[in-house]
Each structure stands twice: as C-alpha cells, then as structure tokens.
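Trainee: So here's my_file_3.pdb (PDB, C-alpha atoms, pLDDT in the B column).
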```
ATOM      1  CA  GLY W 303      79.262  74.529 133.487  1.00 66.00           C
ATOM      2  CA  ALA W 304      76.561  75.863 131.141  1.00 83.00           C
ATOM      3  CA  VAL W 305      73.756  73.631 132.387  1.00 89.00           C
ATOM      4  CA  VAL W 306      70.176  74.270 131.361  1.00 93.00           C
ATOM      5  CA  SER W 307      67.250  72.549 133.028  1.00 94.00           C
ATOM      6  CA  GLN W 308      63.629  72.195 132.040  1.00 95.00           C
ATOM      7  CA  HIS W 309      60.638  71.357 134.133  1.00 96.00           C
ATOM      8  CA  PRO W 310      58.590  69.294 133.799  1.00 96.00           C
ATOM      9  CA  SER W 311      60.218  66.660 131.611  1.00 94.00           C
ATOM     10  CA  TRP W 312      56.860  65.059 130.880  1.00 95.00           C
ATOM     11  CA  VAL W 313      53.370  66.493 131.032  1.00 96.00           C
ATOM     12  CA  ILE W 314      49.988  65.078 130.073  1.00 96.00           C
ATOM     13  CA  CYS W 315      47.018  67.409 130.105  1.00 95.00           C
ATOM     14  CA  LYS W 316      43.433  67.602 128.965  1.00 96.00           C
ATOM     15  CA  SER W 317      42.446  69.558 125.904  1.00 96.00           C
ATOM     16  CA  GLY W 318      41.591  73.153 126.766  1.00 96.00           C
ATOM     17  CA  THR W 319      43.894  73.463 129.742  1.00 96.00           C
ATOM     18  CA  SER W 320      47.089  75.505 129.940  1.00 96.00           C
ATOM     19  CA  VAL W 321      50.545  74.138 130.574  1.00 97.00           C
ATOM     20  CA  LYS W 322      53.605  76.007 131.784  1.00 97.00           C
ATOM     21  CA  ILE W 323      57.137  74.854 131.008  1.00 97.00           C
ATOM     22  CA  GLU W 324      60.120  76.325 132.837  1.00 96.00           C
ATOM     23  CA  CYS W 325      63.613  76.743 131.453  1.00 95.00           C
ATOM     24  CA  ARG W 326      66.441  77.612 133.816  1.00 94.00           C
ATOM     25  CA  SER W 327      70.107  78.328 133.318  1.00 91.00           C
ATOM     26  CA  LEU W 328      71.643  76.793 136.424  1.00 91.00           C
ATOM     27  CA  ASP W 329      75.160  78.138 136.512  1.00 87.00           C
ATOM     28  CA  PHE W 330      75.153  81.177 134.276  1.00 86.00           C
ATOM     29  CA  GLN W 331      73.052  84.181 133.424  1.00 87.00           C
ATOM     30  CA  ALA W 332      71.356  84.138 130.061  1.00 84.00           C
ATOM     31  CA  THR W 333      70.100  87.349 128.567  1.00 80.00           C
ATOM     32  CA  THR W 334      68.735  85.384 125.639  1.00 88.00           C
ATOM     33  CA  MET W 335      66.852  82.111 125.659  1.00 92.00           C
ATOM     34  CA  PHE W 336      65.261  80.284 122.764  1.00 94.00           C
ATOM     35  CA  TRP W 337      62.227  78.025 122.566  1.00 96.00           C
ATOM     36  CA  TYR W 338      62.048  75.238 120.018  1.00 95.00           C
ATOM     37  CA  ARG W 339      59.525  72.652 119.031  1.00 95.00           C
ATOM     38  CA  GLN W 340      60.518  69.293 117.619  1.00 90.00           C
ATOM     39  CA  PHE W 341      58.275  66.783 115.892  1.00 86.00           C
ATOM     40  CA  PRO W 342      59.248  63.117 115.774  1.00 82.00           C
ATOM     41  CA  LYS W 343      62.191  62.385 113.502  1.00 78.00           C
ATOM     42  CA  GLN W 344      62.474  66.038 112.514  1.00 82.00           C
ATOM     43  CA  SER W 345      64.760  68.956 113.122  1.00 85.00           C
ATOM     44  CA  LEU W 346      64.182  71.749 115.591  1.00 88.00           C
ATOM     45  CA  MET W 347      61.748  74.499 114.761  1.00 91.00           C
ATOM     46  CA  LEU W 348      62.505  77.819 116.422  1.00 93.00           C
ATOM     47  CA  MET W 349      59.361  79.217 118.001  1.00 95.00           C
ATOM     48  CA  ALA W 350      60.615  82.376 119.656  1.00 94.00           C
ATOM     49  CA  THR W 351      63.570  84.234 121.062  1.00 92.00           C
ATOM     50  CA  SER W 352      63.210  85.392 124.628  1.00 89.00           C
ATOM     51  CA  ASN W 353      65.156  88.348 125.986  1.00 85.00           C
ATOM     52  CA  GLU W 354      65.218  89.119 129.677  1.00 82.00           C
ATOM     53  CA  GLY W 355      63.014  92.046 130.538  1.00 81.00           C
ATOM     54  CA  SER W 356      61.451  92.488 127.114  1.00 84.00           C
ATOM     55  CA  LYS W 357      58.854  90.906 124.898  1.00 86.00           C
ATOM     56  CA  ALA W 358      59.720  87.743 123.075  1.00 90.00           C
ATOM     57  CA  THR W 359      60.308  87.754 119.346  1.00 91.00           C
ATOM     58  CA  TYR W 360      58.151  85.125 117.669  1.00 94.00           C
ATOM     59  CA  GLU W 361      58.921  83.352 114.438  1.00 93.00           C
ATOM     60  CA  GLN W 362      56.530  83.625 111.554  1.00 92.00           C
ATOM     61  CA  GLY W 363      53.534  81.363 111.962  1.00 92.00           C
ATOM     62  CA  VAL W 364      53.854  80.985 115.734  1.00 94.00           C
ATOM     63  CA  GLU W 365      50.847  82.342 117.617  1.00 93.00           C
ATOM     64  CA  LYS W 366      52.088  84.596 120.396  1.00 92.00           C
ATOM     65  CA  ASP W 367      48.742  84.499 122.201  1.00 94.00           C
ATOM     66  CA  LYS W 368      48.834  80.724 122.294  1.00 95.00           C
ATOM     67  CA  PHE W 369      52.477  80.303 123.247  1.00 96.00           C
ATOM     68  CA  LEU W 370      53.108  82.842 125.985  1.00 95.00           C
ATOM     69  CA  ILE W 371      56.743  83.448 126.830  1.00 94.00           C
ATOM     70  CA  ASN W 372      57.993  85.237 129.896  1.00 90.00           C
ATOM     71  CA  HIS W 373      61.657  85.901 130.647  1.00 88.00           C
ATOM     72  CA  ALA W 374      61.438  87.519 134.036  1.00 82.00           C
ATOM     73  CA  SER W 375      64.996  86.962 135.191  1.00 87.00           C
ATOM     74  CA  LEU W 376      68.425  86.193 133.798  1.00 87.00           C
ATOM     75  CA  THR W 377      68.047  82.540 134.741  1.00 91.00           C
ATOM     76  CA  LEU W 378      64.408  81.741 134.023  1.00 92.00           C
ATOM     77  CA  SER W 379      62.180  81.738 130.973  1.00 93.00           C
ATOM     78  CA  THR W 380      58.741  80.164 130.846  1.00 95.00           C
ATOM     79  CA  LEU W 381      56.613  78.941 127.968  1.00 96.00           C
ATOM     80  CA  THR W 382      52.882  78.628 128.584  1.00 97.00           C
ATOM     81  CA  VAL W 383      50.814  76.702 126.085  1.00 97.00           C
ATOM     82  CA  THR W 384      47.352  78.166 126.494  1.00 96.00           C
ATOM     83  CA  SER W 385      44.169  76.230 125.751  1.00 96.00           C
ATOM     84  CA  ALA W 386      46.189  73.271 124.609  1.00 96.00           C
ATOM     85  CA  HIS W 387      44.874  70.993 121.884  1.00 95.00           C
ATOM     86  CA  PRO W 388      46.084  67.575 120.710  1.00 95.00           C
ATOM     87  CA  GLU W 389      47.963  69.158 117.804  1.00 94.00           C
ATOM     88  CA  ASP W 390      50.114  70.996 120.367  1.00 95.00           C
ATOM     89  CA  SER W 391      51.508  67.673 121.516  1.00 95.00           C
ATOM     90  CA  SER W 392      55.212  67.804 120.837  1.00 94.00           C
ATOM     91  CA  PHE W 393      58.702  67.907 122.293  1.00 93.00           C
ATOM     92  CA  TYR W 394      59.545  71.410 123.476  1.00 95.00           C
ATOM     93  CA  ILE W 395      63.190  72.330 123.980  1.00 94.00           C
ATOM     94  CA  CYS W 396      64.695  75.506 125.344  1.00 95.00           C
ATOM     95  CA  SER W 397      68.207  76.816 125.022  1.00 94.00           C
ATOM     96  CA  ALA W 398      70.185  79.581 126.639  1.00 92.00           C
ATOM     97  CA  ARG W 399      73.021  81.493 125.119  1.00 86.00           C
ATOM     98  CA  LEU W 400      76.122  82.490 126.977  1.00 78.00           C
ATOM     99  CA  PRO W 401      77.726  85.780 126.016  1.00 73.00           C
ATOM    100  CA  GLY W 402      79.120  84.659 122.709  1.00 70.00           C
ATOM    101  CA  GLU W 403      77.703  82.343 120.164  1.00 72.00           C
ATOM    102  CA  THR W 404      77.026  79.003 121.795  1.00 83.00           C
ATOM    103  CA  GLN W 405      73.556  77.853 122.760  1.00 87.00           C
ATOM    104  CA  TYR W 406      73.185  75.294 125.517  1.00 90.00           C
ATOM    105  CA  PHE W 407      70.085  73.173 125.501  1.00 93.00           C
ATOM    106  CA  GLY W 408      67.742  71.873 128.123  1.00 93.00           C
ATOM    107  CA  PRO W 409      66.715  68.206 128.181  1.00 92.00           C
ATOM    108  CA  GLY W 410      63.315  68.949 126.671  1.00 93.00           C
ATOM    109  CA  THR W 411      59.701  68.652 127.776  1.00 95.00           C
ATOM    110  CA  ARG W 412      57.374  66.158 126.174  1.00 94.00           C
ATOM    111  CA  LEU W 413      53.790  67.419 126.078  1.00 96.00           C
ATOM    112  CA  LEU W 414      50.861  65.152 125.387  1.00 96.00           C
ATOM    113  CA  VAL W 415      47.439  66.742 125.096  1.00 96.00           C
ATOM    114  CA  LEU W 416      44.520  64.342 125.340  1.00 95.00           C
TER
ATOM    115  CA  ALA I 409      69.678  84.186 104.292  1.00 77.00           C
ATOM    116  CA  GLN I 410      71.490  81.098 105.466  1.00 81.00           C
ATOM    117  CA  SER I 411      70.610  77.467 104.862  1.00 89.00           C
ATOM    118  CA  VAL I 412      72.078  74.158 105.989  1.00 94.00           C
ATOM    119  CA  THR I 413      72.013  70.864 104.118  1.00 95.00           C
ATOM    120  CA  GLN I 414      72.834  67.589 105.763  1.00 96.00           C
ATOM    121  CA  LEU I 415      73.357  65.325 102.829  1.00 92.00           C
ATOM    122  CA  ASP I 416      72.553  62.027 104.523  1.00 94.00           C
ATOM    123  CA  SER I 417      69.401  61.482 106.516  1.00 93.00           C
ATOM    124  CA  GLN I 418      70.596  58.095 107.778  1.00 95.00           C
ATOM    125  CA  VAL I 419      74.062  56.634 108.135  1.00 97.00           C
ATOM    126  CA  PRO I 420      74.400  53.002 109.184  1.00 97.00           C
ATOM    127  CA  VAL I 421      77.873  51.917 110.207  1.00 97.00           C
ATOM    128  CA  PHE I 422      79.529  49.039 112.017  1.00 97.00           C
ATOM    129  CA  GLU I 423      81.165  49.482 115.372  1.00 97.00           C
ATOM    130  CA  GLU I 424      84.809  50.587 115.241  1.00 97.00           C
ATOM    131  CA  ALA I 425      84.457  51.774 111.645  1.00 97.00           C
ATOM    132  CA  PRO I 426      85.152  55.396 110.692  1.00 98.00           C
ATOM    133  CA  VAL I 427      82.253  57.707 109.936  1.00 98.00           C
ATOM    134  CA  GLU I 428      81.727  61.040 108.213  1.00 97.00           C
ATOM    135  CA  LEU I 429      78.504  63.025 108.511  1.00 98.00           C
ATOM    136  CA  ARG I 430      78.271  65.657 105.839  1.00 98.00           C
ATOM    137  CA  CYS I 431      77.091  69.229 106.243  1.00 97.00           C
ATOM    138  CA  ASN I 432      77.037  71.978 103.642  1.00 97.00           C
ATOM    139  CA  TYR I 433      75.814  75.498 104.164  1.00 96.00           C
ATOM    140  CA  SER I 434      74.825  78.465 102.078  1.00 93.00           C
ATOM    141  CA  SER I 435      75.389  82.035 103.219  1.00 89.00           C
ATOM    142  CA  SER I 436      76.270  85.405 101.728  1.00 85.00           C
ATOM    143  CA  VAL I 437      77.989  86.421 104.981  1.00 84.00           C
ATOM    144  CA  SER I 438      80.443  84.772 107.338  1.00 86.00           C
ATOM    145  CA  VAL I 439      78.997  82.195 109.687  1.00 88.00           C
ATOM    146  CA  TYR I 440      79.724  80.328 112.854  1.00 91.00           C
ATOM    147  CA  LEU I 441      79.237  76.554 112.606  1.00 94.00           C
ATOM    148  CA  PHE I 442      78.072  73.994 115.133  1.00 95.00           C
ATOM    149  CA  TRP I 443      77.442  70.284 115.490  1.00 97.00           C
ATOM    150  CA  TYR I 444      75.005  69.068 118.119  1.00 96.00           C
ATOM    151  CA  VAL I 445      74.088  65.506 119.100  1.00 96.00           C
ATOM    152  CA  GLN I 446      70.703  64.367 120.368  1.00 92.00           C
ATOM    153  CA  TYR I 447      70.354  61.032 122.099  1.00 91.00           C
ATOM    154  CA  PRO I 448      66.880  59.436 122.140  1.00 85.00           C
ATOM    155  CA  ASN I 449      64.337  61.419 124.134  1.00 78.00           C
ATOM    156  CA  GLN I 450      66.911  63.957 125.261  1.00 83.00           C
ATOM    157  CA  GLY I 451      67.855  67.531 124.529  1.00 84.00           C
ATOM    158  CA  LEU I 452      70.800  68.566 122.419  1.00 90.00           C
ATOM    159  CA  GLN I 453      74.431  68.493 123.448  1.00 92.00           C
ATOM    160  CA  LEU I 454      77.133  70.585 121.809  1.00 92.00           C
ATOM    161  CA  LEU I 455      79.728  68.400 120.101  1.00 95.00           C
ATOM    162  CA  LEU I 456      81.939  71.102 118.689  1.00 95.00           C
ATOM    163  CA  LYS I 457      81.927  74.538 117.110  1.00 93.00           C
ATOM    164  CA  TYR I 458      83.890  76.681 114.719  1.00 94.00           C
ATOM    165  CA  LEU I 459      84.020  80.387 115.456  1.00 89.00           C
ATOM    166  CA  SER I 460      87.437  81.357 114.092  1.00 89.00           C
ATOM    167  CA  GLY I 461      91.040  80.194 113.934  1.00 91.00           C
ATOM    168  CA  SER I 462      92.106  76.677 113.013  1.00 92.00           C
ATOM    169  CA  THR I 463      89.744  75.093 110.542  1.00 93.00           C
ATOM    170  CA  LEU I 464      90.109  71.674 112.167  1.00 96.00           C
ATOM    171  CA  VAL I 465      88.023  71.601 115.289  1.00 96.00           C
ATOM    172  CA  LYS I 466      88.108  68.861 117.885  1.00 96.00           C
ATOM    173  CA  GLY I 467      85.092  68.161 120.038  1.00 95.00           C
ATOM    174  CA  ILE I 468      83.862  65.788 122.667  1.00 93.00           C
ATOM    175  CA  ASN I 469      83.587  62.020 122.374  1.00 93.00           C
ATOM    176  CA  GLY I 470      86.401  61.823 119.817  1.00 96.00           C
ATOM    177  CA  PHE I 471      84.609  63.781 117.106  1.00 97.00           C
ATOM    178  CA  GLU I 472      86.220  66.390 114.914  1.00 97.00           C
ATOM    179  CA  ALA I 473      85.104  68.586 112.048  1.00 98.00           C
ATOM    180  CA  GLU I 474      86.838  70.609 109.394  1.00 96.00           C
ATOM    181  CA  PHE I 475      85.619  73.943 108.125  1.00 96.00           C
ATOM    182  CA  ASN I 476      86.160  74.281 104.386  1.00 95.00           C
ATOM    183  CA  LYS I 477      85.248  77.776 103.291  1.00 92.00           C
ATOM    184  CA  SER I 478      85.740  77.193  99.576  1.00 93.00           C
ATOM    185  CA  GLN I 479      83.405  74.195  99.631  1.00 94.00           C
ATOM    186  CA  THR I 480      81.128  75.717 102.289  1.00 95.00           C
ATOM    187  CA  SER I 481      81.270  72.499 104.232  1.00 96.00           C
ATOM    188  CA  PHE I 482      81.668  71.470 107.845  1.00 97.00           C
ATOM    189  CA  HIS I 483      81.777  67.673 107.817  1.00 98.00           C
ATOM    190  CA  LEU I 484      81.859  65.748 111.088  1.00 98.00           C
ATOM    191  CA  ARG I 485      84.199  62.768 111.447  1.00 98.00           C
ATOM    192  CA  LYS I 486      85.133  60.089 113.918  1.00 98.00           C
ATOM    193  CA  PRO I 487      87.832  57.515 113.199  1.00 97.00           C
ATOM    194  CA  SER I 488      86.230  54.693 115.176  1.00 97.00           C
ATOM    195  CA  VAL I 489      82.607  54.741 116.317  1.00 97.00           C
ATOM    196  CA  HIS I 490      81.045  53.053 119.293  1.00 96.00           C
ATOM    197  CA  ILE I 491      77.564  51.696 119.846  1.00 96.00           C
ATOM    198  CA  SER I 492      76.941  54.611 122.211  1.00 95.00           C
ATOM    199  CA  ASP I 493      77.417  57.070 119.320  1.00 96.00           C
ATOM    200  CA  THR I 494      74.031  56.022 117.965  1.00 96.00           C
ATOM    201  CA  ALA I 495      72.071  59.271 117.957  1.00 96.00           C
ATOM    202  CA  GLU I 496      70.746  62.107 115.830  1.00 95.00           C
ATOM    203  CA  TYR I 497      73.335  64.655 114.721  1.00 97.00           C
ATOM    204  CA  PHE I 498      72.461  68.204 113.765  1.00 96.00           C
ATOM    205  CA  CYS I 499      74.571  70.755 111.934  1.00 96.00           C
ATOM    206  CA  ALA I 500      73.743  74.427 112.515  1.00 94.00           C
ATOM    207  CA  VAL I 501      75.035  77.864 111.533  1.00 92.00           C
ATOM    208  CA  SER I 502      74.572  81.395 112.745  1.00 87.00           C
ATOM    209  CA  ARG I 503      75.576  84.534 110.947  1.00 81.00           C
ATOM    210  CA  VAL I 504      78.484  86.809 111.833  1.00 74.00           C
ATOM    211  CA  PRO I 505      78.019  89.499 112.938  1.00 63.00           C
ATOM    212  CA  ALA I 506      74.405  89.953 113.896  1.00 59.00           C
ATOM    213  CA  GLY I 507      72.143  91.564 116.404  1.00 60.00           C
ATOM    214  CA  ASN I 508      71.316  90.240 119.800  1.00 55.00           C
ATOM    215  CA  ASN I 509      68.740  87.767 118.541  1.00 53.00           C
ATOM    216  CA  ARG I 510      71.168  85.627 116.592  1.00 70.00           C
ATOM    217  CA  LYS I 511      69.389  82.508 115.502  1.00 82.00           C
ATOM    218  CA  LEU I 512      70.740  79.109 114.694  1.00 88.00           C
ATOM    219  CA  ILE I 513      69.796  77.794 111.278  1.00 89.00           C
ATOM    220  CA  TRP I 514      69.448  74.023 111.456  1.00 92.00           C
ATOM    221  CA  GLY I 515      69.980  71.126 109.139  1.00 93.00           C
ATOM    222  CA  LEU I 516      67.403  68.356 109.097  1.00 92.00           C
ATOM    223  CA  GLY I 517      69.647  65.994 111.002  1.00 94.00           C
ATOM    224  CA  THR I 518      71.485  62.763 110.293  1.00 96.00           C
ATOM    225  CA  SER I 519      70.567  59.616 112.126  1.00 96.00           C
ATOM    226  CA  LEU I 520      73.705  57.627 112.921  1.00 97.00           C
ATOM    227  CA  ALA I 521      73.080  53.956 113.651  1.00 97.00           C
ATOM    228  CA  VAL I 522      76.089  52.019 114.905  1.00 97.00           C
ATOM    229  CA  ASN I 523      75.678  48.275 114.594  1.00 95.00           C
ATOM    230  CA  PRO I 524      77.708  45.610 116.364  1.00 94.00           C
TER
END
```
If you convert what's in this file into structure tokens, what do you get?
Mentor:
Amino acid sequence: GAVVSQHPSWVICKSGTSVKIECRSLDFQATTMFWYRQFPKQSLMLMATSNEGSKATYEQGVEKDKFLINHASLTLSTLTVTSAHPEDSSFYICSARLPGETQYFGPGTRLLVL
Amino acid sequence: AQSVTQLDSQVPVFEEAPVELRCNYSSSVSVYLFWYVQYPNQGLQLLLKYLSGSTLVKGINGFEAEFNKSQTSFHLRKPSVHISDTAEYFCAVSRVPAGNNRKLIWGLGTSLAVNP
C-alpha cells in the first residue's frame, strides 16, 4: 500500500515551453501532497504544500506564477513549470501524506530544459 | 524552528561490516523522526520512523534506529551491510503537534558506499 506515482519520469523540453508533471496516490486518498526539488548530490528542497481543493502554500523564494500547482482531487496533484528555462532543469519529487505523519514519495521526474 | 544535522556526508564501508549513520536534530518542541533511503535516480523510500513508544525502531532491510531524547539523536544502524545498501540516506523530522501543513525538515543526506 501507499504507492505514489509520477508521470512522466523523464522530460526534455525547449526553453520557453511549459511542462506538466503529475503526481498520483494510487491506493489511498491524500488531502496533502508536497512538491520537492532536488539538485544533484543535494537534499530535498520543499517547493510547496498542496491541499486538495485549495491553493498551494509556497515556500519562500519559490515563484508561484512559475511553478503552478493544482490539487484537483484526493489522488492527483500537478506541477506545471511555466516558460521553462535551463536553470529549471532538476529532479522534481512529489510526496503524499496519509492521515498521520508519514509521507510517501513518488519516483521523481527528471526535467531537462534545452 | 527545527533543524537536522547528518554528521557524515559520506560513509564508506566494506560488505558485511556494521554501519551507523548519525543524525542529530534541534527543536524546542517534540518531533517525529524519519529515515528515508534514495537509490540512484529514484524517489525516496521510508526506512523507518519514530512517532511514539519504544525508542528502538526497526525498519525495512534490516535497519534500525534509536531515538535518544537527551542527546537529540536518531542514529541509523545495520549490523551487516550488503552491496545493495549503497544509496543516499536522509534523516528528517516534523514537529508535534502542528497544523495540516506539517513539513518535513531534512538533513543534507549521507552517502553510504558499500564496497566488496
């Protein structure tokens, strides 16, 4: 149980385009999902907390107009990187929290912006 | 505010040897504690967690950790490591109690390299 999927696992796009990443909780309902960014050989950086049916809460320094988060259902949250630039290239990971304290993580999405 | 310190950025060890990955935290309130493992190019997998009760917590893959409140530590141990344990290990805490948007505070990670 507690499986989280992400799609796509890999994406390459041209600079200036937008990319959407999906995060799904497959066998449970998640009222709260989290989006992280991870640079090579570094820890996770929390970007935003996504609550179903309400606006996401962004961490300081994260541009909400650039990283659009939608949590339309209890099993799906999406992150859209708008007008992507090479510096947005990174490993994006989502997690979903069961009622309680444990976060379960997706396998990650590697984004490369050319 | 909470903070997490993983004292070793890299730990090389030989196969079948014991290993300890150290984690210390700082918090003015009670916390929950977690260890996650990340294999290359993958997401994170929960190894074990401490929420309450016995301070010795057993997790998957033969790992265990002990919560020491007086030393504010939550060190991860395995008595005999395998090549397949080579991965990045992250310690994390979240505060107790908190609102709905409880965040995990992360350590910088420890890279465990198991050599034959």
Trainee: Kindly indicate which residue among I:Thr463, I:Ser492, I:Thr413, I:Asn476 lies nearest to Tyr433 in chain I, using all atoms listed in the file for the distances.
Mentor: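 Of I:Thr463, I:Ser492, I:Thr413, I:Asn476, the one nearest Tyr433 in chain I is I:Thr413, counting all atoms listed in the file.
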Trainee: Which value, in Å to one decimal, gives the distance between CA of Gly402 in chain W and CA of Gly363 in chain W?
Mentor: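 Computed distance, CA of Gly402 in chain W to CA of Gly363 in chain W, equals 27.9 Å.
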Trainee: Using all atoms listed in the file, find each residue of chain W with at least one atom at most 9 Å away from an atom of chain I; report its shortest atom-to-atom pair and that distance in Å (one decimal), sort the rows by chain and rising residue number, and return the result as a tab-separated table.
Mentor:
```
residue	atom	partner	partner_atom	distance
W:Thr334	CA	I:Asn509	CA	7.5
W:Phe336	CA	I:Lys511	CA	8.6
W:Lys343	CA	I:Gly517	CA	8.7
W:Gln344	CA	I:Leu516	CA	6.4
W:Ser345	CA	I:Leu516	CA	4.9
W:Leu346	CA	I:Trp514	CA	7.1
W:Met347	CA	I:Trp514	CA	8.4
W:Leu348	CA	I:Lys511	CA	8.4
W:Thr351	CA	I:Asn509	CA	6.8
W:Ser352	CA	I:Asn509	CA	8.6
W:Asn353	CA	I:Asn509	CA	8.3
W:Thr359	CA	I:Asn509	CA	8.5
W:Phe393	CA	I:Asn449	CA	8.8
W:Ile395	CA	I:Gly451	CA	6.7
W:Cys396	CA	I:Gly451	CA	8.6
W:Glu403	CA	I:Tyr440	CA	7.8
W:Thr404	CA	I:Lys457	CA	8.1
W:Gln405	CA	I:Leu454	CA	8.2
W:Tyr406	CA	I:Leu454	CA	7.2
W:Phe407	CA	I:Leu452	CA	5.6
W:Gly408	CA	I:Gly451	CA	5.6
W:Pro409	CA	I:Gly451	CA	3.9
W:Gly410	CA	I:Gly451	CA	5.2
W:Thr411	CA	I:Gly451	CA	8.8
W:Arg412	CA	I:Asn449	CA	8.7
```
Trainee: How about saving the chosen residues, C-alpha atoms kept, as a JSON list (two decimals), in the coordinates of the input?
Mentor:
```
[["chain", "number", "residue", "atom", "x", "y", "z"],
["W", 334, "THR", "CA", 68.74, 85.38, 125.64],
["W", 336, "PHE", "CA", 65.26, 80.28, 122.76],
["W", 343, "LYS", "CA", 62.19, 62.38, 113.50],
["W", 344, "GLN", "CA", 62.47, 66.04, 112.51],
["W", 345, "SER", "CA", 64.76, 68.96, 113.12],
["W", 346, "LEU", "CA", 64.18, 71.75, 115.59],
["W", 347, "MET", "CA", 61.75, 74.50, 114.76],
["W", 348, "LEU", "CA", 62.50, 77.82, 116.42],
["W", 351, "THR", "CA", 63.57, 84.23, 121.06],
["W", 352, "SER", "CA", 63.21, 85.39, 124.63],
["W", 353, "ASN", "CA", 65.16, 88.35, 125.99],
["W", 359, "THR", "CA", 60.31, 87.75, 119.35],
["W", 393, "PHE", "CA", 58.70, 67.91, 122.29],
["W", 395, "ILE", "CA", 63.19, 72.33, 123.98],
["W", 396, "CYS", "CA", 64.69, 75.51, 125.34],
["W", 403, "GLU", "CA", 77.70, 82.34, 120.16],
["W", 404, "THR", "CA", 77.03, 79.00, 121.80],
["W", 405, "GLN", "CA", 73.56, 77.85, 122.76],
["W", 406, "TYR", "CA", 73.18, 75.29, 125.52],
["W", 407, "PHE", "CA", 70.08, 73.17, 125.50],
["W", 408, "GLY", "CA", 67.74, 71.87, 128.12],
["W", 409, "PRO", "CA", 66.72, 68.21, 128.18],
["W", 410, "GLY", "CA", 63.32, 68.95, 126.67],
["W", 411, "THR", "CA", 59.70, 68.65, 127.78],
["W", 412, "ARG", "CA", 57.37, 66.16, 126.17]]
```
Trainee: To one decimal in Å, tell me the separation between CA of Phe341 in chain W and CA of Leu520 in chain I.
Mentor: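 Value for the CA of Phe341 in chain W-CA of Leu520 in chain I distance: 18.2 Å.
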Trainee: Within 8 Å of range 383-388 of chain W, counting only C-alpha atoms, which residues qualify if same-chain residues fewer than 5 places away don't, as a PDB file with C-alpha atoms, in the coordinates of the input?
Mentor:
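The resulting out_39.pdb:
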```pdb
ATOM      1  CA  LYS W 316      43.433  67.602 128.965  1.00 96.00           C
ATOM      2  CA  SER W 317      42.446  69.558 125.904  1.00 96.00           C
ATOM      3  CA  GLY W 318      41.591  73.153 126.766  1.00 96.00           C
ATOM      4  CA  THR W 319      43.894  73.463 129.742  1.00 96.00           C
ATOM      5  CA  SER W 320      47.089  75.505 129.940  1.00 96.00           C
ATOM      6  CA  VAL W 321      50.545  74.138 130.574  1.00 97.00           C
ATOM      7  CA  LYS W 322      53.605  76.007 131.784  1.00 97.00           C
ATOM      8  CA  ASP W 367      48.742  84.499 122.201  1.00 94.00           C
ATOM      9  CA  LYS W 368      48.834  80.724 122.294  1.00 95.00           C
ATOM     10  CA  PHE W 369      52.477  80.303 123.247  1.00 96.00           C
ATOM     11  CA  LEU W 370      53.108  82.842 125.985  1.00 95.00           C
ATOM     12  CA  LEU W 414      50.861  65.152 125.387  1.00 96.00           C
ATOM     13  CA  VAL W 415      47.439  66.742 125.096  1.00 96.00           C
ATOM     14  CA  LEU W 416      44.520  64.342 125.340  1.00 95.00           C
TER      15      LEU W 416
END
```
Trainee: From the options W:Gln362, W:Ser397, W:Ser391, W:Ser379, which residue's atoms come nearest to Tyr338 in chain W, counting all atoms listed in the file?
Mentor: W:Ser397
Trainee: If you measure from CA of Asp493 in chain I to CA of Arg339 in chain W, what distance in Å do you get, rounded to one decimal?
Mentor: 23.7 Å
Trainee: For this structure, which residues satisfy the selection - the PyMOL selection byres ((chain I and resi 436) around 12) - when it is evaluated on the file as given? I want them as a PyMOL selection string.
Mentor: chain I and resi 409-411+433-435+437-439+477+480+502-504
Trainee: Any idea what's packed within 6 Å of range 417-427 of chain I, counting all atoms listed in the file, ignoring anything in its chain fewer than 5 positions away? Could you give it as a list in words?
Mentor: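 Contacts, in chain order: Arg485, Lys486, Pro487, Ser488, Val489, His490, Thr518, Ser519, Leu520, Ala521, Val522, Asn523 and Pro524 of chain I.
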Trainee: Kindly resolve the PyMOL selection byres ((chain I and resi 429) around 6) on the present coordinates and return the residues as JSON, numbers by chain.
Mentor: {"I": [428, 430, 483, 484]}
Trainee: May I ask which of the residues I:Leu455, I:Val501, I:Val412, I:Val445 is the closest one to Gly470 in chain I, counting only C-alpha atoms?
Mentor: I:Leu455
Trainee: Using only C-alpha atoms, which residues sit within 9 Å of Ser356 in chain W once same-chain residues fewer than 2 positions away are excluded, as JSON, numbers by chain?
Mentor: {"W": [352, 353, 354, 358, 372, 373, 374]}
Trainee: Got time to write the residues from that selection, C-alpha atoms, as an mmCIF file, keeping the file's coordinate frame?
Mentor:
```cif
data_model
loop_
_atom_site.group_PDB
_atom_site.id
_atom_site.type_symbol
_atom_site.label_atom_id
_atom_site.label_comp_id
_atom_site.auth_asym_id
_atom_site.auth_seq_id
_atom_site.Cartn_x
_atom_site.Cartn_y
_atom_site.Cartn_z
ATOM 1 C CA SER W 352 63.210 85.392 124.628
ATOM 2 C CA ASN W 353 65.156 88.348 125.986
ATOM 3 C CA GLU W 354 65.218 89.119 129.677
ATOM 4 C CA ALA W 358 59.720 87.743 123.075
ATOM 5 C CA ASN W 372 57.993 85.237 129.896
ATOM 6 C CA HIS W 373 61.657 85.901 130.647
ATOM 7 C CA ALA W 374 61.438 87.519 134.036
#
```
Trainee: Which one is closest to Ser375 in chain W: W:Pro401, W:Ala304, W:Gln340, W:Gly355? Count only C-alpha atoms.
Mentor: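 Checking each candidate against Ser375 in chain W, we get W:Gly355 as the closest.
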Trainee: Pick out the residues sitting within 7 Å of Phe482 in chain I, and hand them over as a list of chain:residue names; count only C-alpha atoms, and ignore anything fewer than 3 positions along from it in its own chain.
Mentor: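 Counting only C-alpha atoms, the residues come to I:Cys431, I:Asn432, I:Ala473, I:Glu474, I:Phe475, I:Asn476.
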